[in-house]
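Shown here: coords_37.cif, mmCIF, C-alpha atoms.
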data_entry
#
loop_
_atom_site.label_atom_id
_atom_site.label_comp_id
_atom_site.auth_asym_id
_atom_site.auth_seq_id
_atom_site.Cartn_x
_atom_site.Cartn_y
_atom_site.Cartn_z
CA MET A 1426 0.51 -15.19 105.18
CA SER A 1427 2.37 -13.67 102.25
CA GLU A 1428 3.36 -10.05 102.07
CA ALA A 1429 1.07 -7.74 100.09
CA LEU A 1430 2.46 -6.34 96.86
CA PHE A 1431 1.62 -2.68 97.58
CA ARG A 1432 1.50 -0.51 100.67
CA SER A 1433 -1.50 1.54 99.53
CA ALA A 1434 -4.36 1.63 97.05
CA HIS A 1435 -2.68 4.65 95.46
CA GLN A 1436 0.44 2.58 94.67
CA ALA A 1437 -1.64 -0.30 93.33
CA LEU A 1438 -3.74 1.93 91.07
CA LEU A 1439 -0.68 3.79 89.81
CA TYR A 1440 0.97 0.47 88.96
CA ALA A 1441 -2.10 -0.95 87.23
CA TYR A 1442 -2.85 2.11 85.12
CA THR A 1443 0.77 2.74 84.11
CA PHE A 1444 1.64 -0.90 83.42
CA SER A 1445 2.74 -1.44 79.87
CA ALA A 1446 3.36 -4.79 78.22
CA THR A 1447 6.17 -3.07 76.32
CA GLN A 1448 8.13 -1.76 79.28
CA HIS A 1449 11.10 -0.97 77.01
CA GLY A 1450 9.11 1.14 74.58
CA THR A 1451 9.54 0.38 70.90
CA ALA A 1452 10.93 -2.91 69.64
CA ALA A 1453 14.15 -1.25 68.47
CA ALA A 1454 14.76 0.23 71.90
CA ALA A 1455 14.07 -3.15 73.50
CA GLU A 1456 16.52 -4.90 71.19
CA ARG A 1457 19.18 -2.29 71.93
CA GLN A 1458 18.58 -2.66 75.69
CA ILE A 1459 18.90 -6.45 75.41
CA ALA A 1460 22.09 -6.18 73.37
CA LEU A 1461 23.69 -3.72 75.78
CA ALA A 1462 22.79 -5.70 78.90
CA ALA A 1463 23.22 -9.24 77.52
CA ARG A 1464 26.38 -10.14 79.44
CA GLU A 1465 25.30 -8.46 82.67
CA ARG A 1466 21.91 -10.14 82.47
CA TYR A 1467 23.48 -13.60 82.65
CA GLU A 1468 25.96 -12.65 85.37
CA ARG A 1469 23.31 -11.22 87.73
CA THR A 1470 21.68 -13.24 90.45
CA ALA A 1471 17.92 -13.51 90.50
CA GLY A 1472 16.24 -10.37 91.77
CA SER A 1473 14.27 -10.30 94.95
CA GLY A 1474 11.43 -8.29 93.44
CA ARG A 1475 7.80 -8.91 94.10
CA GLY A 1476 7.16 -10.87 90.90
CA LEU A 1477 5.65 -8.04 88.88
CA LYS A 1478 7.32 -8.73 85.55
CA GLY A 1479 5.99 -10.07 82.30
CA LEU A 1480 2.79 -12.06 82.57
CA ASP A 1481 2.73 -11.77 86.38
CA GLY A 1482 2.77 -7.99 86.11
CA ALA A 1483 0.11 -7.97 83.42
CA ALA A 1484 -2.10 -10.28 85.47
CA GLN A 1485 -1.70 -8.13 88.58
CA ALA A 1486 -2.50 -4.95 86.65
CA GLY A 1487 -5.52 -6.68 85.12
CA GLN A 1488 -6.76 -7.86 88.52
CA ILE A 1489 -6.58 -4.35 89.96
CA LYS A 1490 -8.31 -2.82 86.94
CA SER A 1491 -10.99 -5.49 87.09
CA LEU A 1492 -11.72 -4.70 90.75
CA VAL A 1493 -12.14 -1.04 89.85
CA GLU A 1494 -14.34 -1.71 86.82
CA ARG A 1495 -16.62 -4.25 88.53
CA ASN A 1496 -17.08 -2.57 91.90
CA THR A 1497 -17.07 1.19 91.46
CA PRO A 1498 -19.35 3.68 89.72
CA PRO A 1499 -18.42 5.09 86.28
CA ALA A 1500 -17.63 8.53 87.73
CA PHE A 1501 -14.99 7.03 90.03
CA GLN A 1502 -13.57 5.00 87.15
CA ALA A 1503 -13.20 8.24 85.18
CA VAL A 1504 -11.40 9.86 88.14
CA VAL A 1505 -9.01 6.88 88.30
CA LEU A 1506 -8.27 7.14 84.58
CA ALA A 1507 -7.77 10.91 84.81
CA ARG A 1508 -5.41 10.61 87.79
CA TYR A 1509 -3.45 7.41 87.12
CA SER A 1510 -3.24 6.84 83.33
CA LEU A 1511 0.02 8.73 83.11
CA LEU A 1512 1.22 6.95 79.96
CA SER A 1513 -1.76 7.94 77.83
CA ASP A 1514 -2.54 11.61 77.58
CA ASP A 1515 -5.48 10.80 75.31
CA VAL A 1516 -7.08 8.52 77.96
CA ARG A 1517 -6.59 11.16 80.63
CA ARG A 1518 -8.09 13.86 78.41
CA ARG A 1519 -11.16 11.74 77.59
CA ALA A 1520 -11.68 10.93 81.28
CA CYS A 1521 -11.46 14.63 82.16
CA PHE A 1522 -14.02 15.44 79.46
CA LEU A 1523 -16.38 12.76 80.80
CA LEU A 1524 -16.06 14.20 84.30
CA ALA A 1525 -16.58 17.71 82.89
CA HIS A 1526 -20.00 16.57 81.68
CA ARG A 1527 -20.78 15.18 85.12
CA CYS A 1528 -19.76 18.29 87.07
CA ARG A 1529 -21.23 20.82 84.63
CA HIS A 1530 -23.62 22.02 87.35
CA GLU A 1531 -20.74 23.02 89.66
CA VAL A 1532 -19.74 26.10 87.63
CA PRO A 1533 -21.64 28.91 85.88
CA PRO A 1534 -23.25 28.01 82.54
CA SER A 1535 -20.92 30.42 80.71
CA VAL A 1536 -17.94 28.11 81.36
CA THR A 1537 -17.36 25.80 78.39
CA LEU A 1538 -16.93 22.03 78.69
CA ALA A 1539 -13.35 22.37 77.44
CA GLU A 1540 -12.56 24.77 80.28
CA ILE A 1541 -14.27 22.51 82.82
CA GLY A 1542 -12.25 19.60 81.43
CA ARG A 1543 -9.04 21.56 82.04
CA LEU A 1544 -10.21 22.27 85.60
CA VAL A 1545 -10.92 18.57 86.12
CA GLY A 1546 -7.41 17.92 84.85
CA LYS A 1547 -6.08 20.33 87.47
CA ALA A 1548 -8.09 18.55 90.17
CA THR A 1549 -6.56 15.22 89.11
CA GLY A 1550 -2.94 16.33 88.98
CA ARG A 1551 -2.37 18.03 85.63
CA GLU A 1552 -0.73 21.43 85.35
CA VAL A 1553 -3.17 24.22 84.50
CA ASN A 1554 -2.33 27.92 84.55
CA LEU A 1555 -5.41 29.58 86.03
CA GLY A 1556 -4.08 33.03 85.14
CA LEU A 1557 -3.96 32.19 81.44
CA MET A 1558 -7.36 30.55 81.68
CA ALA A 1559 -8.77 33.69 83.29
CA GLN A 1560 -7.36 35.81 80.45
CA SER A 1561 -8.79 33.56 77.76
CA CYS A 1562 -12.21 33.54 79.48
CA GLY A 1563 -12.16 37.29 80.10
CA VAL A 1564 -12.62 36.95 83.86
CA ASP A 1565 -10.61 37.71 86.97
CA GLU A 1566 -8.15 35.05 88.14
CA ARG A 1567 -10.05 34.77 91.45
CA THR A 1568 -13.07 33.66 89.44
CA THR A 1569 -11.14 30.82 87.82
CA ARG A 1570 -9.82 29.86 91.26
CA ARG A 1571 -13.41 29.60 92.51
CA TRP A 1572 -14.30 27.44 89.51
CA ALA A 1573 -11.28 25.23 90.15
CA LEU A 1574 -12.24 24.87 93.81
CA ALA A 1575 -15.81 23.88 92.90
CA VAL A 1576 -14.57 21.29 90.40
CA ARG A 1577 -11.99 19.95 92.87
CA ARG A 1578 -14.73 19.53 95.50
CA TYR A 1579 -16.80 17.56 92.99
CA VAL A 1580 -13.85 15.32 92.09
CA GLN A 1581 -13.14 14.72 95.78
CA SER A 1582 -16.80 13.88 96.43
CA VAL A 1583 -16.49 11.12 93.84
CA GLU A 1584 -12.94 10.04 94.70
CA ARG A 1585 -13.14 9.66 98.50
CA PRO A 1586 -15.89 7.02 98.69
CA GLY A 1587 -14.50 5.24 95.63
CA MET A 1588 -11.00 5.03 97.15
CA ALA A 1589 -12.45 3.73 100.42
CA THR A 1590 -14.27 1.00 98.51
CA ILE A 1591 -11.33 0.03 96.34
CA GLU A 1592 -8.87 0.11 99.26
CA HIS A 1593 -11.06 -2.36 101.16
CA LEU A 1594 -11.34 -4.64 98.11
CA LEU A 1595 -7.58 -4.53 97.43
CA GLN A 1596 -6.86 -5.37 101.07
CA ALA A 1597 -9.31 -8.29 100.95
CA ALA A 1598 -7.58 -9.55 97.79
CA GLY A 1599 -4.17 -9.32 99.50
CA VAL A 1600 -2.88 -6.79 96.99
CA VAL A 1601 -2.58 -3.93 99.50
CA GLU A 1602 -1.34 -4.17 103.07
CA SER A 1603 -3.97 -3.70 105.74
CA ALA A 1604 -3.71 -0.91 108.30
CA GLU A 1605 -2.85 -3.50 111.00
CA ALA A 1606 0.01 -4.90 108.92
CA LEU A 1607 1.39 -1.42 108.37
CA GLN A 1608 1.28 -0.68 112.11
CA MET A 1609 2.98 -4.00 112.94
CA SER A 1610 5.76 -3.30 110.43
CA GLY A 1611 6.99 -0.42 112.53
CA ASN A 1612 4.95 2.62 111.47
#
What is this file in structure tokens?
Amino acid sequence: MSEALFRSAHQALLYAYTFSATQHGTAAAAERQIALAARERYERTAGSGRGLKGLDGAAQAGQIKSLVERNTPPAFQAVVLARYSLLSDDVRRRACFLLAHRCRHEVPPSVTLAEIGRLVGKATGREVNLGLMAQSCGVDERTTRRWALAVRRYVQSVERPGMATIEHLLQAAGVVESAEALQMSGN
């Protein structure tokens, strides 16, 4: 049996949603990187990585994304995009806005969708200053903390069952190590 590529679903999702076909950035930066490392590249021995470069990496990222898209509800997919699409602020912002629509009922009607979207962003790992939000909304900071807690509870209610599902699917596909394999490896 071959070794799984990732130790957890979190690692697999982070890899898939931050994978970029242009790992060097712009073409000019890639050309410069190639020019600077040309000699060293030919002198190095083959790496002992897990084969996640080029087309192999793209295929693995695509497989993980496909499992998420085919087997989980849209709300969980939005949580995954909001939490793991670190390279695209626009994708994260749109996912937070979608989730803001879904958790509208968790906060008072006076809270705008933009504010709820910021709170969803906080629940999925973005930095949000609740003190400044309280000032701009004209409420006490404790009030914004209560709103943030309500939104975080909603996000967790979507994320927990979705992560359980996707973890099981990734283990079955051999992408993520099973709990038994982790225990046998010395944990």
Checklist entry - Expanded to explicit residues, what is the PyMOL selection byres ((chain A and resi 1564-1574) around 9) for this file, as a PyMOL selection string? => result chain A and resi 1531-1533+1536+1541+1544-1545+1547-1548+1555-1563+1575-1579
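Note that the spacing between atom CA of Val1601 of chain A and atom CA of Arg1518 of chain A amounts to 28.1 Å.
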Checklist entry - Between A:Gln1436, A:Glu1428, A:Gly1587, A:Arg1543, which has the minimum distance to Gln1502 of chain A (counting all atoms listed in the file)? => result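 Of the candidates, the smallest distance to Gln1502 of chain A is held by A:Gly1587.
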Checklist entry - Pick the closest to Ile1591 of chain A from A:Ser1491, A:Ser1445, A:Thr1537, A:Thr1549: which is it, counting all atoms listed in the file? => result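 The shortest atom-to-atom distance to Ile1591 of chain A comes from A:Ser1491.
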Checklist outcome for this item: Pairwise distance, atom CA of Glu1592 of chain A with atom CA of Ala1434 of chain A, equals 5.2 Å
Checklist entry - Between A:Asn1554, A:Gln1485, A:Gln1581, A:Thr1497, which has the minimum distance to Phe1431 of chain A (counting all atoms listed in the file)? => result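 Selected residue with least distance to Phe1431 of chain A: A:Gln1485.
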